Amino acid sequence: MKWSEPEVGARFAHRPRPKDPLAEVEILKLGVKRRQHQRISVRWVDESFEGQRDWVPATQLKCSWRDRGDFLTWERDWAAITPNLRGSDEIWAAELVFEVLVETGVGWVETDKRAGVTKIFDTEAFAVLLGVDLEFFDDPLSFVDDDALIVSWSTTERICRRLTEVHTDDVLQMVTNNYVPAVHPQDKGWEDDAYELVLDWCGRKARSITDDVVALRNELARVREIAENAIQLFRDSDPLLKGARTRDANTLQRQLSGDADDRPAVDRVKFGRWRAGYGPRHSPRFPALRYDGTD
């Protein structure tokens, strides 16, 4: 909610701490704004303050005195609907789903101090995305703030479940592209629990597909480990064959990494099955002949 801006002569509601009551003050002078911070000279109107004057931060002036009733109602609405889920697995999972499927102009889920609350800016577009009627957003705690419908965590969770149900393929694509499950329980982080919750929202079929993808990744990792062990065996082979085996190992390593071994040997001159090379133990005037493995 946007409240009135302070101006000289206006009456405002002042409150230094959340637990303090609102007090009526008159604005006497606006201070210089420095780095988004401003102090304002005020005079307390109530006689119990005996005409006290002081400079206070602009953030302590909550609203105009005539709007104090609406301001207190607004505060109560937000206090009742905010579930205090900041940093929880549920919030990270909801954020993952919204980032993939919901445009910011349609709605978003709060992840900061109001984590768990969803702001819906276009209810009709959101209903189409979910494939539901507008009654789907009915919530006893909901209210409108700055032209956005504010709904509670219970509705937010229903939205996430419905999104993953209707757009399962898109969610699974996001999960398989970004999520690699931890092998050992001690290696699990917040992302593991968040992605697991997203899969639970998708349902049993999605869980089965993801388990197959994970099994395939594990098998590929096992095959890669076997290939790397074979390459290392080439490098540790008989000293008499180590030169040729090292080249073979390098070729296999490049192929395993996805790099084709098609680079020309521009630093050597071939002579049939033999090539001349300049090794560190040979004089440049008398290059050593090395077998290049070709017929």
# chains A, B, ... in the order shown; residues from 1 in each chain; ligands from 1
$ residues_around --residues "Val45 of chain A" --least-positions-apart "3" --cutoff "7 Å" --atoms "only C-alpha atoms" --output "PyMOL selection string"
chain A and resi 24-26+51
$ write_last_selection --atoms "all heavy atoms" --output "PDB file, in the first residue's frame"
ATOM      1  N   GLU A  24       0.225  11.287  17.022  1.00  0.00           N
ATOM      2  CA  GLU A  24       0.035  12.331  16.021  1.00  0.00           C
ATOM      3  C   GLU A  24       1.144  13.380  16.129  1.00  0.00           C
ATOM      4  O   GLU A  24       1.445  13.877  17.215  1.00  0.00           O
ATOM      5  CB  GLU A  24      -1.326  13.004  16.208  1.00  0.00           C
ATOM      6  CG  GLU A  24      -1.629  14.042  15.145  1.00  0.00           C
ATOM      7  CD  GLU A  24      -2.981  14.713  15.364  1.00  0.00           C
ATOM      8  OE1 GLU A  24      -3.609  14.452  16.414  1.00  0.00           O
ATOM      9  OE2 GLU A  24      -3.381  15.512  14.491  1.00  0.00           O
ATOM     10  N   VAL A  25       1.746  13.700  14.999  1.00  0.00           N
ATOM     11  CA  VAL A  25       2.790  14.729  14.951  1.00  0.00           C
ATOM     12  C   VAL A  25       2.499  15.683  13.796  1.00  0.00           C
ATOM     13  O   VAL A  25       1.842  15.313  12.817  1.00  0.00           O
ATOM     14  CB  VAL A  25       4.199  14.118  14.778  1.00  0.00           C
ATOM     15  CG1 VAL A  25       4.576  13.252  15.960  1.00  0.00           C
ATOM     16  CG2 VAL A  25       4.295  13.339  13.473  1.00  0.00           C
ATOM     17  N   GLU A  26       3.028  16.885  13.932  1.00  0.00           N
ATOM     18  CA  GLU A  26       2.935  17.871  12.856  1.00  0.00           C
ATOM     19  C   GLU A  26       4.322  18.042  12.244  1.00  0.00           C
ATOM     20  O   GLU A  26       5.311  18.192  12.965  1.00  0.00           O
ATOM     21  CB  GLU A  26       2.437  19.213  13.387  1.00  0.00           C
ATOM     22  CG  GLU A  26       2.352  20.286  12.303  1.00  0.00           C
ATOM     23  CD  GLU A  26       1.989  21.645  12.861  1.00  0.00           C
ATOM     24  OE1 GLU A  26       1.802  21.754  14.106  1.00  0.00           O
ATOM     25  OE2 GLU A  26       1.905  22.613  12.085  1.00  0.00           O
ATOM     26  N   GLY A  51       4.429  19.750  23.874  1.00  0.00           N
ATOM     27  CA  GLY A  51       5.002  20.482  22.744  1.00  0.00           C
ATOM     28  C   GLY A  51       6.371  19.987  22.314  1.00  0.00           C
ATOM     29  O   GLY A  51       7.141  20.739  21.694  1.00  0.00           O
TER      30      GLY A  51
END
$ residues_around --residues "segment 140-143 of chain A" --least-positions-apart "3" --cutoff "12 Å" --atoms "only C-alpha atoms" --output "list in words"
Met1, Thr73, Trp74, Glu75, Arg76, Asp77, Trp78, Ala79, Ala80, Ile81, Thr82, Pro83, Val117, Thr118, Lys119, Ile120, Glu135, Phe137, Asp146, Asp147, Ala148, Leu149, Ile150, Val151, Ser152, Trp153, Ser154, Thr155 and Thr156 of chain A
$ residues_around --residues "Arg43 of chain A" --least-positions-apart "3" --cutoff "10 Å" --atoms "only C-alpha atoms" --output "mmCIF file with N, CA and C atoms, in the first residue's frame"
data_model
loop_
_atom_site.group_PDB
_atom_site.id
_atom_site.type_symbol
_atom_site.label_atom_id
_atom_site.label_comp_id
_atom_site.auth_asym_id
_atom_site.auth_seq_id
_atom_site.Cartn_x
_atom_site.Cartn_y
_atom_site.Cartn_z
ATOM 1 N N ARG A 11 -0.273 16.485 9.157
ATOM 2 C CA ARG A 11 -0.323 15.709 10.378
ATOM 3 C C ARG A 11 -0.092 14.232 10.020
ATOM 4 N N GLU A 24 0.225 11.287 17.022
ATOM 5 C CA GLU A 24 0.035 12.331 16.021
ATOM 6 C C GLU A 24 1.144 13.380 16.129
ATOM 7 N N VAL A 25 1.746 13.700 14.999
ATOM 8 C CA VAL A 25 2.790 14.729 14.951
ATOM 9 C C VAL A 25 2.499 15.683 13.796
ATOM 10 N N GLU A 26 3.028 16.885 13.932
ATOM 11 C CA GLU A 26 2.935 17.871 12.856
ATOM 12 C C GLU A 26 4.322 18.042 12.244
ATOM 13 N N ILE A 27 4.400 18.003 10.930
ATOM 14 C CA ILE A 27 5.690 18.117 10.241
ATOM 15 C C ILE A 27 6.068 19.593 10.150
ATOM 16 N N LEU A 28 7.251 19.927 10.670
ATOM 17 C CA LEU A 28 7.736 21.308 10.684
ATOM 18 C C LEU A 28 8.726 21.595 9.565
ATOM 19 N N LYS A 29 9.590 20.601 9.271
ATOM 20 C CA LYS A 29 10.625 20.837 8.271
ATOM 21 C C LYS A 29 11.117 19.508 7.725
ATOM 22 N N ASP A 46 -0.276 15.911 20.755
ATOM 23 C CA ASP A 46 -0.937 15.620 22.024
ATOM 24 C C ASP A 46 -0.283 16.417 23.156
ATOM 25 N N PHE A 49 2.722 15.380 25.487
ATOM 26 C CA PHE A 49 4.130 15.508 25.069
ATOM 27 C C PHE A 49 4.678 16.900 25.351
ATOM 28 N N GLU A 50 3.802 17.813 25.818
ATOM 29 C CA GLU A 50 4.215 19.176 26.221
ATOM 30 C C GLU A 50 4.960 19.898 25.093
ATOM 31 N N GLY A 51 4.429 19.750 23.874
ATOM 32 C CA GLY A 51 5.002 20.482 22.744
ATOM 33 C C GLY A 51 6.371 19.987 22.314
ATOM 34 N N GLN A 52 6.709 18.729 22.621
ATOM 35 C CA GLN A 52 8.029 18.187 22.297
ATOM 36 C C GLN A 52 8.295 18.246 20.792
ATOM 37 N N ARG A 53 9.508 18.599 20.438
ATOM 38 C CA ARG A 53 9.953 18.650 19.050
ATOM 39 C C ARG A 53 11.229 17.820 18.898
ATOM 40 N N ASP A 54 11.380 17.255 17.709
ATOM 41 C CA ASP A 54 12.581 16.440 17.489
ATOM 42 C C ASP A 54 12.710 16.129 16.000
ATOM 43 N N TRP A 55 13.925 15.705 15.630
ATOM 44 C CA TRP A 55 14.169 15.202 14.270
ATOM 45 C C TRP A 55 14.053 13.682 14.309
#
$ atom_distance --atom1 "atom CA of Asp192 of chain A" --atom2 "atom CA of Arg114 of chain A"
23.2 Å
$ residues_around --residues "segment 65-67 of chain A" --least-positions-apart "2" --cutoff "6 Å" --atoms "only C-alpha atoms" --output "ChimeraX atom specification"
/A:11-13,69-70
$ closest_residue --among "A:Thr59, A:Ser41, A:Gln36, A:Gln232" --to "Trp3 of chain A" --atoms "only C-alpha atoms"
A:Thr59
$ atom_distance --atom1 "atom CA of Ile231 of chain A" --atom2 "atom CA of Asn177 of chain A"
28.9 Å
$ residues_around --residues "Leu30 of chain A" --least-positions-apart "6" --cutoff "7 Å" --atoms "only C-alpha atoms" --output "short mmCIF file (atom, residue, chain, number, x, y, z; two decimals) with all heavy atoms, in the first residue's frame"
data_model
loop_
_atom_site.label_atom_id
_atom_site.label_comp_id
_atom_site.auth_asym_id
_atom_site.auth_seq_id
_atom_site.Cartn_x
_atom_site.Cartn_y
_atom_site.Cartn_z
N VAL A 8 5.41 19.67 4.70
CA VAL A 8 5.38 20.63 5.81
C VAL A 8 3.94 21.01 6.13
O VAL A 8 3.14 21.32 5.24
CB VAL A 8 6.22 21.87 5.47
CG1 VAL A 8 6.10 22.91 6.58
CG2 VAL A 8 7.67 21.49 5.26
N ARG A 39 15.73 12.71 7.49
CA ARG A 39 15.21 13.02 8.82
C ARG A 39 14.27 14.21 8.69
O ARG A 39 14.48 15.10 7.86
CB ARG A 39 16.34 13.31 9.80
CG ARG A 39 17.25 12.10 10.03
CD ARG A 39 18.35 12.40 11.01
NE ARG A 39 17.86 12.60 12.36
CZ ARG A 39 17.56 11.60 13.21
NH1 ARG A 39 17.71 10.34 12.83
NH2 ARG A 39 17.13 11.85 14.43
N ILE A 40 13.24 14.20 9.53
CA ILE A 40 12.18 15.20 9.43
C ILE A 40 11.93 15.80 10.81
O ILE A 40 11.84 15.08 11.82
CB ILE A 40 10.88 14.57 8.88
CG1 ILE A 40 11.13 14.06 7.45
CG2 ILE A 40 9.74 15.56 8.90
CD1 ILE A 40 9.94 13.33 6.85
N SER A 41 11.81 17.11 10.86
CA SER A 41 11.53 17.80 12.11
C SER A 41 10.02 17.77 12.37
O SER A 41 9.22 18.15 11.49
CB SER A 41 12.01 19.25 12.03
OG SER A 41 11.64 19.97 13.20
#
